[in-house]
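Structure file start_1.pdb (PDB, C-alpha atoms and all ligand atoms) is printed below.
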```pdb
ATOM      1  CA  MET J   1      12.237  -1.234  15.971
ATOM      2  CA  ASP J   2      12.651   2.284  17.367
ATOM      3  CA  LEU J   3      10.887   4.350  14.691
ATOM      4  CA  LYS J   4      12.547   7.553  15.894
ATOM      5  CA  GLN J   5      15.807   6.224  14.465
ATOM      6  CA  SER J   6      14.158   6.116  11.010
ATOM      7  CA  ILE J   7      13.529   9.885  10.928
ATOM      8  CA  ARG J   8      16.295  12.021   9.396
ATOM      9  CA  THR J   9      16.834  15.427  11.015
ATOM     10  CA  ILE J  10      18.101  18.256   8.830
ATOM     11  CA  PRO J  11      19.214  21.303  10.842
ATOM     12  CA  ASP J  12      18.419  24.810   9.557
ATOM     13  CA  TYR J  13      15.993  23.628   6.834
ATOM     14  CA  PRO J  14      14.071  25.370   5.293
ATOM     15  CA  LYS J  15      15.502  28.245   7.339
ATOM     16  CA  PRO J  16      17.898  28.828  10.242
ATOM     17  CA  GLY J  17      16.708  27.519  13.610
ATOM     18  CA  ILE J  18      14.322  24.856  12.230
ATOM     19  CA  MET J  19      15.182  21.197  12.795
ATOM     20  CA  PHE J  20      13.397  19.621   9.834
ATOM     21  CA  ARG J  21      12.096  16.145  10.698
ATOM     22  CA  ASP J  22      12.331  14.349   7.374
ATOM     23  CA  VAL J  23       9.926  11.402   7.224
ATOM     24  CA  THR J  24      10.975  10.269   3.727
ATOM     25  CA  THR J  25      13.631   8.030   5.314
ATOM     26  CA  LEU J  26      10.971   6.241   7.385
ATOM     27  CA  MET J  27       8.652   5.937   4.395
ATOM     28  CA  ALA J  28      11.403   4.432   2.238
ATOM     29  CA  ASP J  29      12.000   1.666   4.814
ATOM     30  CA  ALA J  30       9.350  -1.041   4.262
ATOM     31  CA  ALA J  31       9.481  -2.431   7.807
ATOM     32  CA  ALA J  32       9.430   1.020   9.425
ATOM     33  CA  LEU J  33       6.543   2.200   7.253
ATOM     34  CA  GLN J  34       4.508  -0.903   8.035
ATOM     35  CA  GLN J  35       5.164  -0.566  11.773
ATOM     36  CA  ALA J  36       4.307   3.152  11.736
ATOM     37  CA  VAL J  37       0.982   2.623   9.951
ATOM     38  CA  HIS J  38       0.133  -0.306  12.226
ATOM     39  CA  GLU J  39       0.882   1.702  15.402
ATOM     40  CA  MET J  40      -0.928   4.821  14.157
ATOM     41  CA  ALA J  41      -4.023   2.714  13.433
ATOM     42  CA  ALA J  42      -3.999   0.915  16.801
ATOM     43  CA  PRO J  43      -6.103   3.357  18.900
ATOM     44  CA  TYR J  44      -8.780   3.504  16.181
ATOM     45  CA  ARG J  45      -9.254  -0.161  15.229
ATOM     46  CA  ASP J  46     -12.541  -0.578  17.101
ATOM     47  CA  GLN J  47     -13.869   2.899  16.346
ATOM     48  CA  LYS J  48     -15.584   2.120  13.014
ATOM     49  CA  ILE J  49     -13.874   5.013  11.228
ATOM     50  CA  ASP J  50     -15.736   5.906   7.986
ATOM     51  CA  GLN J  51     -13.146   8.283   6.508
ATOM     52  CA  VAL J  52      -9.507   9.154   7.067
ATOM     53  CA  ALA J  53      -8.847  12.814   6.184
ATOM     54  CA  GLY J  54      -5.193  13.331   5.203
ATOM     55  CA  ILE J  55      -3.457  16.712   5.021
ATOM     56  CA  ASP J  56      -1.533  17.712   1.851
ATOM     57  CA  ALA J  57       0.983  16.192   1.176
ATOM     58  CA  ARG J  58       2.738  13.859   3.609
ATOM     59  CA  GLY J  59      -0.591  13.231   5.343
ATOM     60  CA  PHE J  60      -1.784  11.638   2.083
ATOM     61  CA  ILE J  61       0.812   8.864   2.277
ATOM     62  CA  LEU J  62       0.168   7.922   5.889
ATOM     63  CA  GLY J  63      -3.557   8.670   5.644
ATOM     64  CA  GLY J  64      -4.049   6.488   2.557
ATOM     65  CA  ALA J  65      -2.307   3.558   4.224
ATOM     66  CA  LEU J  66      -4.296   4.124   7.438
ATOM     67  CA  ALA J  67      -7.577   4.207   5.511
ATOM     68  CA  VAL J  68      -6.844   0.764   4.050
ATOM     69  CA  GLU J  69      -5.716  -0.554   7.445
ATOM     70  CA  LEU J  70      -8.921   0.724   9.116
ATOM     71  CA  GLY J  71     -11.295  -0.249   6.301
ATOM     72  CA  ALA J  72     -12.175   3.424   5.767
ATOM     73  CA  GLY J  73     -12.360   5.748   2.786
ATOM     74  CA  PHE J  74      -9.853   8.562   2.212
ATOM     75  CA  THR J  75     -10.595  12.294   2.021
ATOM     76  CA  ALA J  76      -7.948  14.747   0.766
ATOM     77  CA  LEU J  77      -7.464  18.103   2.506
ATOM     78  CA  ARG J  78      -5.589  19.986  -0.207
ATOM     79  CA  LYS J  79      -3.698  23.176  -0.865
ATOM     80  CA  PRO J  80      -5.577  25.780  -2.993
ATOM     81  CA  GLY J  81      -6.167  25.195  -6.696
ATOM     82  CA  LYS J  82      -5.911  21.398  -6.619
ATOM     83  CA  LEU J  83      -9.454  20.120  -6.100
ATOM     84  CA  PRO J  84     -11.707  20.197  -9.189
ATOM     85  CA  TRP J  85     -15.148  20.339  -7.517
ATOM     86  CA  THR J  86     -16.725  22.854  -5.090
ATOM     87  CA  THR J  87     -14.849  23.108  -1.813
ATOM     88  CA  PHE J  88     -15.007  24.251   1.781
ATOM     89  CA  SER J  89     -11.880  26.275   2.584
ATOM     90  CA  GLU J  90     -10.048  27.436   5.696
ATOM     91  CA  THR J  91      -7.263  30.011   5.891
ATOM     92  CA  TYR J  92      -4.592  29.557   8.555
ATOM     93  CA  GLU J  93      -1.607  31.516   9.780
ATOM     94  CA  LEU J  94       1.953  30.579   8.948
ATOM     95  CA  GLU J  95       4.969  32.219  10.550
ATOM     96  CA  TYR J  96       5.109  34.525   7.511
ATOM     97  CA  GLY J  97       1.726  34.997   5.819
ATOM     98  CA  THR J  98      -1.185  32.604   5.459
ATOM     99  CA  ASP J  99      -2.099  29.381   3.662
ATOM    100  CA  GLU J 100      -5.347  27.587   2.865
ATOM    101  CA  LEU J 101      -6.720  24.062   2.998
ATOM    102  CA  HIS J 102      -9.649  22.899   0.873
ATOM    103  CA  MET J 103     -11.959  19.889   0.967
ATOM    104  CA  HIS J 104     -14.652  18.863  -1.510
ATOM    105  CA  THR J 105     -18.071  19.836  -0.146
ATOM    106  CA  ASP J 106     -19.384  16.321  -0.882
ATOM    107  CA  ALA J 107     -16.354  14.403   0.443
ATOM    108  CA  LEU J 108     -18.047  13.550   3.733
ATOM    109  CA  ASP J 109     -21.585  12.847   4.884
ATOM    110  CA  ALA J 110     -22.876  14.517   8.057
ATOM    111  CA  GLY J 111     -22.162  12.198  10.981
ATOM    112  CA  ASP J 112     -19.293  10.330   9.269
ATOM    113  CA  LYS J 113     -16.719   9.179  11.815
ATOM    114  CA  VAL J 114     -13.504  10.822  10.659
ATOM    115  CA  LEU J 115      -9.849  10.546  11.686
ATOM    116  CA  LEU J 116      -7.552  13.476  10.766
ATOM    117  CA  VAL J 117      -3.990  12.474   9.774
ATOM    118  CA  ASP J 118      -0.734  14.331   9.139
ATOM    119  CA  ASP J 119       2.949  13.487   9.484
ATOM    120  CA  LEU J 120       3.760  16.085  12.138
ATOM    121  CA  ILE J 121       2.050  18.545  14.487
ATOM    122  CA  ALA J 122       3.940  21.681  15.513
ATOM    123  CA  THR J 123       1.863  24.804  16.340
ATOM    124  CA  GLY J 124      -1.295  22.944  15.301
ATOM    125  CA  GLY J 125      -2.414  25.669  12.863
ATOM    126  CA  THR J 126      -2.576  23.269   9.921
ATOM    127  CA  ALA J 127      -4.421  20.566  11.862
ATOM    128  CA  GLU J 128      -6.847  23.137  13.271
ATOM    129  CA  ALA J 129      -7.732  24.286   9.732
ATOM    130  CA  GLY J 130      -8.300  20.629   8.823
ATOM    131  CA  LEU J 131     -10.594  20.141  11.818
ATOM    132  CA  LYS J 132     -12.627  23.220  10.825
ATOM    133  CA  LEU J 133     -13.170  21.692   7.362
ATOM    134  CA  LEU J 134     -14.392  18.466   8.977
ATOM    135  CA  LYS J 135     -16.731  20.506  11.186
ATOM    136  CA  ALA J 136     -18.043  22.410   8.134
ATOM    137  CA  ALA J 137     -19.098  19.019   6.743
ATOM    138  CA  GLU J 138     -20.708  18.137  10.114
ATOM    139  CA  ALA J 139     -18.422  15.138  10.531
ATOM    140  CA  ASP J 140     -18.054  13.264  13.807
ATOM    141  CA  ILE J 141     -14.350  13.896  14.547
ATOM    142  CA  VAL J 142     -12.959  10.807  16.272
ATOM    143  CA  GLY J 143      -9.375  12.010  16.673
ATOM    144  CA  ALA J 144      -6.176  13.279  15.106
ATOM    145  CA  ALA J 145      -3.178  11.006  14.450
ATOM    146  CA  PHE J 146       0.398  12.093  13.764
ATOM    147  CA  LEU J 147       3.711  10.331  13.406
ATOM    148  CA  ILE J 148       5.575  13.157  15.179
ATOM    149  CA  ASP J 149       4.668  15.722  17.841
ATOM    150  CA  LEU J 150       6.799  18.784  18.611
ATOM    151  CA  PRO J 151       5.301  19.353  22.080
ATOM    152  CA  GLU J 152       7.192  22.599  22.767
ATOM    153  CA  LEU J 153       5.134  24.258  20.014
ATOM    154  CA  GLY J 154       1.909  23.348  21.822
ATOM    155  CA  GLY J 155      -0.276  22.223  18.905
ATOM    156  CA  ALA J 156      -1.234  18.805  20.285
ATOM    157  CA  GLN J 157      -2.053  20.359  23.662
ATOM    158  CA  ARG J 158      -4.266  22.974  21.988
ATOM    159  CA  LEU J 159      -6.173  20.323  20.056
ATOM    160  CA  ARG J 160      -6.674  18.348  23.285
ATOM    161  CA  GLU J 161      -8.060  21.490  24.947
ATOM    162  CA  PHE J 162     -10.654  21.603  22.134
ATOM    163  CA  GLY J 163     -11.639  18.053  23.143
ATOM    164  CA  ILE J 164      -9.899  16.264  20.238
ATOM    165  CA  MET J 165      -8.230  12.925  20.999
ATOM    166  CA  VAL J 166      -4.631  13.294  19.747
ATOM    167  CA  HIS J 167      -2.112  10.486  19.228
ATOM    168  CA  ALA J 168       1.494  10.750  18.043
ATOM    169  CA  LEU J 169       4.022   7.923  17.843
ATOM    170  CA  MET J 170       7.000  10.010  18.921
ATOM    171  CA  ALA J 171       8.050  13.470  20.115
ATOM    172  CA  PHE J 172      11.099  15.623  19.422
ATOM    173  CA  ASP J 173      12.364  18.528  21.504
ATOM    174  CA  GLY J 174      12.522  22.013  20.002
ATOM    175  CA  HIS J 175      11.241  23.386  16.712
TER     176      HIS J 175
HETATM  177  P1  LIG J 201       1.869  23.393  12.261
HETATM  178  O1  LIG J 201       0.752  23.952  11.451
HETATM  179  O2  LIG J 201       2.735  24.453  12.892
HETATM  180  O3  LIG J 201       1.413  22.358  13.264
HETATM  181  O4  LIG J 201       2.856  22.667  11.237
HETATM  182  C1  LIG J 201       2.573  21.392  10.767
HETATM  183  C2  LIG J 201       2.872  21.237   9.300
HETATM  184  O5  LIG J 201       4.133  21.799   8.950
HETATM  185  C3  LIG J 201       2.936  19.765   8.964
HETATM  186  O6  LIG J 201       2.246  19.565   7.724
HETATM  187  C4  LIG J 201       4.415  19.441   8.869
HETATM  188  O7  LIG J 201       4.658  18.579   7.793
HETATM  189  C5  LIG J 201       5.115  20.790   8.696
HETATM  190  N1  LIG J 201       6.211  21.015   9.668
HETATM  191  C6  LIG J 201       6.225  21.935  10.673
HETATM  192  N2  LIG J 201       7.374  21.905  11.384
HETATM  193  C7  LIG J 201       8.121  20.919  10.837
HETATM  194  C8  LIG J 201       9.428  20.355  11.148
HETATM  195  N3  LIG J 201      10.199  20.808  12.163
HETATM  196  N4  LIG J 201       9.864  19.337  10.385
HETATM  197  C9  LIG J 201       9.092  18.850   9.364
HETATM  198  N5  LIG J 201       7.894  19.322   9.028
HETATM  199  C10 LIG J 201       7.380  20.347   9.746
END
```
Using C-alpha cells, write down the structure from this file.
Ligand code: AMP
Amino acid sequence: MDLKQSIRTIPDYPKPGIMFRDVTTLMADAAALQQAVHEMAAPYRDQKIDQVAGIDARGFILGGALAVELGAGFTALRKPGKLPWTTFSETYELEYGTDELHMHTDALDAGDKVLLVDDLIATGGTAEAGLKLLKAAEADIVGAAFLIDLPELGGAQRLREFGIMVHALMAFDGH
C-alpha cells in the first residue's frame, strides 16, 4: 500500500501557511501502521540496536513499536517537567521562542547503539536536540528514522552533514 495516502493533510494548522501532516490516520489503520513500522525498521535489522530513543509524543508511538520490532529497549526524550529522575536537557529554537527536550541521565549506557525516532523531520531542530542528548550520554548513534521528511526545510540534509544516517519513508513538498 502507498503509505502516503494514509497521511491526512490539514492546511493552515496550527497557523496559516503550515500544511499539517497528520499521522493519526496512518496510526489508526492497522495494516498501514504495521507496514510503516516494518519499513522503518528495515535498514536497522542487522545493526544490533540496543535502544530506540523516541521524541515526545508521536515519536513514542512509532519508537515503541520499532523497539519491539528490533529487539531493543525504549528511551523517552520528553518535554520539560515529565521525567521524574535526574535528566540531561537541551534547549532548541522554535519559530517563536524555544522548547526543551529531556532524557534520564541513566537511560543509556555509554556505547549503547541507539536509533533516534520521530514522526516527521522539518527544520531538524527537534531531532538535533535529541541527538545532543544521546551524545551527552556517550551513546553510539546509529541513525535517525522518520516517517515523513519535509526536504525543503533542510533538516534531514543538515543531520546528514553531521554524519548521521537518516531514513524517511516519504517526503512532502513545502512546509
Ligand atoms: P523540526 O524541529 O522543525 O524538524 O520539527 C519537527 C517536529 O515538529 C516534529 O516533532 C513534528 O511532529 C512537528 N512538525 C513540524 N512540522 C510539521 C508539519 N508540517 N506537520 C506535522 N508535524 C510537524
Region 39-42 of chain J: which residues within 7 Å, counting only C-alpha atoms, same-chain residues fewer than 6 positions away excluded, as a list of chain:residue names?
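Here the answer would be J:Leu66, J:Leu70, J:Ala145, J:Leu169.
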Selection dump of the PyMOL selection byres (((chain J and resi 29-35) around 12) and not hetatm), as an MDAnalysis selection string
chainID J and resid 1:7 23:28 36:42 61:62 65:66 69 147 169
Name the closest residue to Gly125 (chain J) among the candidates J:Glu152, J:Asp46, J:Glu100, J:Asp112; distances are taken between atoms, counting all atoms listed in the file.
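Checking each of J:Glu152, J:Asp46, J:Glu100, J:Asp112 against Gly125 (chain J), counting all atoms listed in the file, the winner is J:Glu100.
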Answer key for the PyMOL selection byres (((chain J and resi 146) around 10) and not hetatm), residues as a list of chain:residue names:
J:Ala36, J:Met40, J:Gly59, J:Leu62, J:Gly63, J:Leu116, J:Val117, J:Asp118, J:Asp119, J:Leu120, J:Ile121, J:Ala127, J:Ala144, J:Ala145, J:Leu147, J:Ile148, J:Asp149, J:Ala156, J:Val166, J:His167, J:Ala168, J:Leu169, J:Met170
Set the cut-off to 6 Å, count only C-alpha atoms and all ligand atoms, and list whatever residues fall near ligand LIG 201 (chain J) as a VMD selection string.
chain J and resid 18 to 22 119 to 126 155 175
Suppose a student applies the PyMOL selection byres (((chain J and resi 75-90) around 7) and not hetatm) to this structure; what residues should they get, written as a PyMOL selection string?
chain J and resi 51-56+73-74+91-92+100-105+107+129-130+133
Report the distance between CA of Ile10 (chain J) and CA of Met165 (chain J) in Å, rounded to one decimal place.
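Value for the CA of Ile10 (chain J)-CA of Met165 (chain J) distance: 29.5 Å.
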So the first atom is CA of Phe172 (chain J) and the second is CA of Leu153 (chain J); what is the distance between them in Å, to one decimal place?
10.5 Å
Gap from CA of Pro14 (chain J) to CA of Thr98 (chain J) - Å, one decimal
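Going from CA of Pro14 (chain J) over to CA of Thr98 (chain J), I get 16.9 Å.
Nearest to Ile164 (chain J) of all the residues J:Ala137, J:Val142, J:Ile49, J:Leu108 is J:Val142, counting only C-alpha atoms.
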